[in-house]
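J.: Structure provided below as structure tokens; questions to follow.
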Amino acid sequence: MTSSGLSRRKILQLSGISTLGALAGCASPLPGTDDGGGRAVTPRPTVTADPDTSVSLTATSGTIRPASDASTTTWLYDGQYPGPELRVQEGDVLSVELANDLQEETTIHWHGIPVANPVDGVPNVTQEPVASGDTFTYKFRAEPAGTYFYHSHVGLQLDRGLLGPLIVEERDPHVAYDHEYVVVLDDYLSREPRLPSDGGMGGGGMGGMMGDVRPPYEGLLINGQLPENPPTFDVTEGDRVRFRFVNASSATVFGVRTAGHEMSVTHADGQPVEPVEADSFVFGAGERYDVVVEATNPGRWFVQANALDGNEPPARAVVEYESTDGSITPQPPSSSSNRLQYGDLRALSSLDGVSGDPDRTFDLTLSRGRNQSYTWTIDGQAYPDADPLQIRPGEHVRIRMTNQSPVVHPMHLHGHFFQVGNAIKDTVIVPGHRGQVTLDFHADNPGRWLFHCHNLYHLDAGMARVVEYVE
Ligand SMILES: [Cu+2]
């Protein structure tokens, strides 16, 4: 067992989990644990070891050019977009010194990695934000292996360019592949992000009381490039190619297809699953999927990602066989007939501490605020004016969510993986129109952790709670 709480035994079918549970509408009060004390937990220690990898990242303004006729000056790490790829071996100690050259305060969050609470990067919850001109060092052990990303957690900074991939390589991958590409998907805003209540969404008003409006994105990006300027992934016939897809967008649910090839989905949110075939998958902001593609169909093929909630032209990259004439027109994907579902995912590992009945259950309603302002709420409360979800160390905690709005909410829990169905994830889409999702986690990482929608505008408009450990 690793200190992250994942064990290598085969997952057990969970009993007692239903996405149709009755809704009580409130959390059970503390105290209320019968057996939680029997599962002692050890807080993540502050890492004192010398780092295996030390890097510095400077948050600064810079210009991106996603196509020859498109550019914008925005905020970036080291002037790059996406930010520099950080790549370490599982278990390595990574030290990152953030230098803030912006005129505003900022932080970095290590999305998906269950770090110790003080380095989780949530302003005013785990740390004081890093002031303009200051530095802050994040140091943590990079485990478990997986495809992650890092990003600012202050305000709407993520919808500028303050994000980058973080790859923790496994020592012993459960699938074979010859080489890999990291595929960062994003939505492209060419001006300062603003909430609708601050005039941020252009025309279209507030989207009605229940619905939503979308920022005026100029387009959709793969690795920082618009579809008229697609990046190329070179492959060799016969190779097995791993693609690590990261939805680093602020407000886009992507549907992803690879023309001419089936995908074997091998990891969900970085965690290994039994490989499952699909010709497309859908993922929300903050989710990741790794797939392996067998290069057995020479030609030039589009990898294509369209916005399910927008009408921008699809983001595109080109898979190009070295044996193929580079001047031929890439082929687009045909329509999907085998879209990945959450129910298809079977984690290779299981989470400790989430079998049987939960010690504590929260029934949470996700909805639009009931007033004219642009707010998004969890059980009617808009963060930061919201009660913490209090738990005790060692508990098996269940969160049941019902979405009373018509738009999807990709819900993300900091500091923990959770079990949803037979998958282990850190971000999960709750479908609109009374969609329900149940997740279970083991309270094995004491601290104060944000649980929130990863649509950045929903988060900034209140769709968050602090999960707080109490003794
Ligand atoms: Cu949301």
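Ligands are numbered from 1 in the order shown, residues from 1 within each chain, and chains are lettered A, B, ... in the order they appear in the structure tokens.
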Can you pull out the residues contacting His452 of chain A? Cut-off 6 Å, using only C-alpha atoms, and skip same-chain residues under 3 positions away; I want them as number ranges by chain.

T.: A: 411-412, 463-464

J.: Which of segment 251-314 of chain A end up as strand (DSSP E) when DSSP is run on this backbone - answer as a ChimeraX atom specification?

T.: /A:254-258,263-268,271-278,280-283,288-294,300-307

J.: Tell me which of A:His109, A:His396, A:Arg194, A:Arg214 sits closest to ligand 1, counting only C-alpha atoms and all ligand atoms.

T.: A:Arg214

J.: What are the closest atom pairs, with distances in Å to one decimal, for all residues of chain A lying within 7 Å of ligand 1? Consider only C-alpha atoms and all ligand atoms, order rows by chain and residue number, and present the result as CSV.

T.:
```
residue,atom,partner,partner_atom_place_in_ligand_line,distance
A:Val408,CA,ligand 1,1 (Cu),6.2
A:His409,CA,ligand 1,1 (Cu),3.6
A:Pro410,CA,ligand 1,1 (Cu),6.1
A:Cys453,CA,ligand 1,1 (Cu),4.5
A:His454,CA,ligand 1,1 (Cu),6.3
A:Asn455,CA,ligand 1,1 (Cu),4.9
A:His458,CA,ligand 1,1 (Cu),4.7
A:Leu459,CA,ligand 1,1 (Cu),6.8
A:Met463,CA,ligand 1,1 (Cu),6.7
```

J.: So, counting only C-alpha atoms, which residue among A:Val292, A:Leu221, A:Ala317, A:Val168 is closest to Asp234 of chain A?

T.: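 Among the listed residues, A:Ala317 lies closest to Asp234 of chain A.
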
J.: Calculated over only C-alpha atoms, which of the candidates A:Val397, A:Val354, A:Ser367, A:Pro230 has the smallest distance to Arg316 of chain A?

T.: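 Under the stated criterion, the closest residue is A:Pro230.
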
J.: Of the candidates A:Arg87, A:Arg368, A:Arg400, A:Arg257, which one gets nearest to Glu169 of chain A if we count only C-alpha atoms?

T.: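 Closest residue, counting only C-alpha atoms: A:Arg87.
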
J.: Skip segment 373-376 of chain A itself and residues of its chain fewer than 6 positions away, then list as a list in words all residues within 9 Å of it, counting only C-alpha atoms.

T.: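 The filter keeps Leu195, Pro196, Ser197, Met206, Met209, Leu366, Ser367, Ala382, Tyr383, Tyr457, His458, Leu459, Asp460, Ala461, Gly462, Met463 and Ala464 of chain A.
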
J.: Those residues with C-alpha atoms, as a short mmCIF file (atom, residue, chain, number, x, y, z; two decimals), in the first residue's frame please?

T.:
```
data_model
loop_
_atom_site.label_atom_id
_atom_site.label_comp_id
_atom_site.auth_asym_id
_atom_site.auth_seq_id
_atom_site.Cartn_x
_atom_site.Cartn_y
_atom_site.Cartn_z
CA LEU A 195 -18.36 36.74 -14.56
CA PRO A 196 -21.68 37.37 -16.35
CA SER A 197 -22.67 39.60 -13.47
CA MET A 206 -27.82 35.77 -17.88
CA MET A 209 -32.77 31.79 -14.07
CA LEU A 366 -26.44 21.52 -7.15
CA SER A 367 -28.38 24.45 -8.56
CA ALA A 382 -22.85 30.10 -2.31
CA TYR A 383 -19.22 29.84 -1.23
CA TYR A 457 -17.42 30.42 -13.57
CA HIS A 458 -19.59 28.20 -11.42
CA LEU A 459 -16.78 27.94 -8.87
CA ASP A 460 -16.24 31.68 -8.82
CA ALA A 461 -20.00 32.19 -8.45
CA GLY A 462 -20.22 30.01 -5.36
CA MET A 463 -20.38 26.31 -6.28
CA ALA A 464 -17.90 25.14 -3.67
#
```

J.: Restricting the calculation to only C-alpha atoms, which member of A:Gly435, A:Gly284, A:Pro216, A:Gly161 is positioned closest to Gly83 of chain A?

T.: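 Checking each of A:Gly435, A:Gly284, A:Pro216, A:Gly161 against Gly83 of chain A, counting only C-alpha atoms, the winner is A:Gly161.
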
J.: Which polymer residues have any atom within 8 Å of an atom of Ser337 of chain A, counting only C-alpha atoms, with same-chain residues fewer than 2 positions away left out, as a VMD selection string?

T.: chain A and resid 279 335 339

J.: Extract, using only C-alpha atoms, all DNA, RNA and protein residues at most 7 Å from Pro51 of chain A, discarding same-chain residues fewer than 6 positions from it, and format them as a PyMOL selection string.

T.: chain A and resi 93-95

J.: If you keep C-alpha atoms, can you produce a file of those selected residues as a PDB file, in the first residue's frame?

T.:
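result-v2.pdb written:
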```
ATOM      1  CA  VAL A  93       9.915  14.635  -4.301  1.00  0.00           C
ATOM      2  CA  LEU A  94       9.053  17.611  -6.477  1.00  0.00           C
ATOM      3  CA  SER A  95       9.838  21.141  -5.406  1.00  0.00           C
TER       4      SER A  95
END
```

J.: Provide the atom CA of Asp444 of chain A to atom CA of Glu395 of chain A distance in Å, to one decimal place.

T.: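 Answer for the atom CA of Asp444 of chain A to atom CA of Glu395 of chain A separation: 7.9 Å.
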
J.: When you draw a straight line from atom CA of Arg392 of chain A to atom CA of Ala443 of chain A, how long is it in Å?

T.: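 Calculated distance between atom CA of Arg392 of chain A and atom CA of Ala443 of chain A is 7.0 Å.
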
J.: Write out as a PDB file with C-alpha atoms, in the first residue's frame the residues lying within 8 Å of Gly447 of chain A, counting only C-alpha atoms and excluding same-chain residues fewer than 4 positions away.

T.:
```pdb
ATOM      1  CA  ASN A 117      -2.865  20.250   2.894  1.00  0.00           C
ATOM      2  CA  GLU A 468     -13.157  20.135   6.961  1.00  0.00           C
ATOM      3  CA  TYR A 469     -11.679  17.523   9.264  1.00  0.00           C
TER       4      TYR A 469
END
```

J.: Here is a test: counting only C-alpha atoms, which residue of A:Pro66, A:Gly270, A:Gly343, A:Pro313 is nearest to Leu166 of chain A?

T.: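 Using only C-alpha atoms, the shortest distance to Leu166 of chain A belongs to A:Gly270.
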
J.: Give me, as a short mmCIF file (atom, residue, chain, number, x, y, z; two decimals) with C-alpha atoms, in the first residue's frame, all polymer residues having an atom no more than 12 Å from Thr106 of chain A, counting only C-alpha atoms and skipping those fewer than 5 positions away in the same chain.

T.:
```
data_model
loop_
_atom_site.label_atom_id
_atom_site.label_comp_id
_atom_site.auth_asym_id
_atom_site.auth_seq_id
_atom_site.Cartn_x
_atom_site.Cartn_y
_atom_site.Cartn_z
CA THR A 58 7.20 32.37 -12.97
CA ALA A 59 3.65 33.61 -13.33
CA THR A 60 3.96 36.49 -15.73
CA TRP A 75 -1.00 35.46 -18.03
CA LEU A 76 1.27 32.43 -18.37
CA TYR A 77 3.84 30.30 -16.57
CA LEU A 98 6.45 29.91 -7.79
CA ALA A 99 7.54 33.47 -8.49
CA ASN A 100 4.66 35.86 -8.86
CA ASP A 101 5.43 38.53 -11.43
CA GLY A 121 -2.74 25.90 -3.31
CA VAL A 122 -6.25 27.05 -2.40
CA PRO A 123 -6.18 30.71 -1.38
CA ASN A 124 -7.44 31.45 2.12
CA GLN A 127 -2.46 29.12 2.26
CA GLU A 128 -2.30 32.87 2.07
CA PRO A 129 -2.25 33.78 -1.61
CA VAL A 130 1.17 34.66 -2.96
CA ALA A 131 1.39 38.43 -3.29
CA SER A 132 2.65 40.23 -6.34
CA GLY A 133 6.43 40.12 -6.30
CA ASP A 134 6.60 37.27 -3.76
CA THR A 135 7.61 33.63 -4.08
CA PHE A 136 6.22 30.44 -2.55
CA HIS A 151 -3.12 25.64 -12.45
CA SER A 152 -3.82 28.84 -10.61
CA HIS A 153 -6.62 28.56 -8.07
CA VAL A 154 -7.22 32.28 -7.68
CA GLY A 155 -10.36 33.83 -9.16
CA LEU A 156 -10.68 33.43 -12.92
CA GLN A 157 -6.92 33.19 -13.58
CA LEU A 158 -7.25 29.66 -14.96
CA LEU A 162 -2.01 29.77 -15.98
#
```

J.: In Å, with one decimal, what is the gap from atom CA of Val235 of chain A to atom CA of Val184 of chain A?

T.: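 Distance reported for this atom pair: 18.3 Å.
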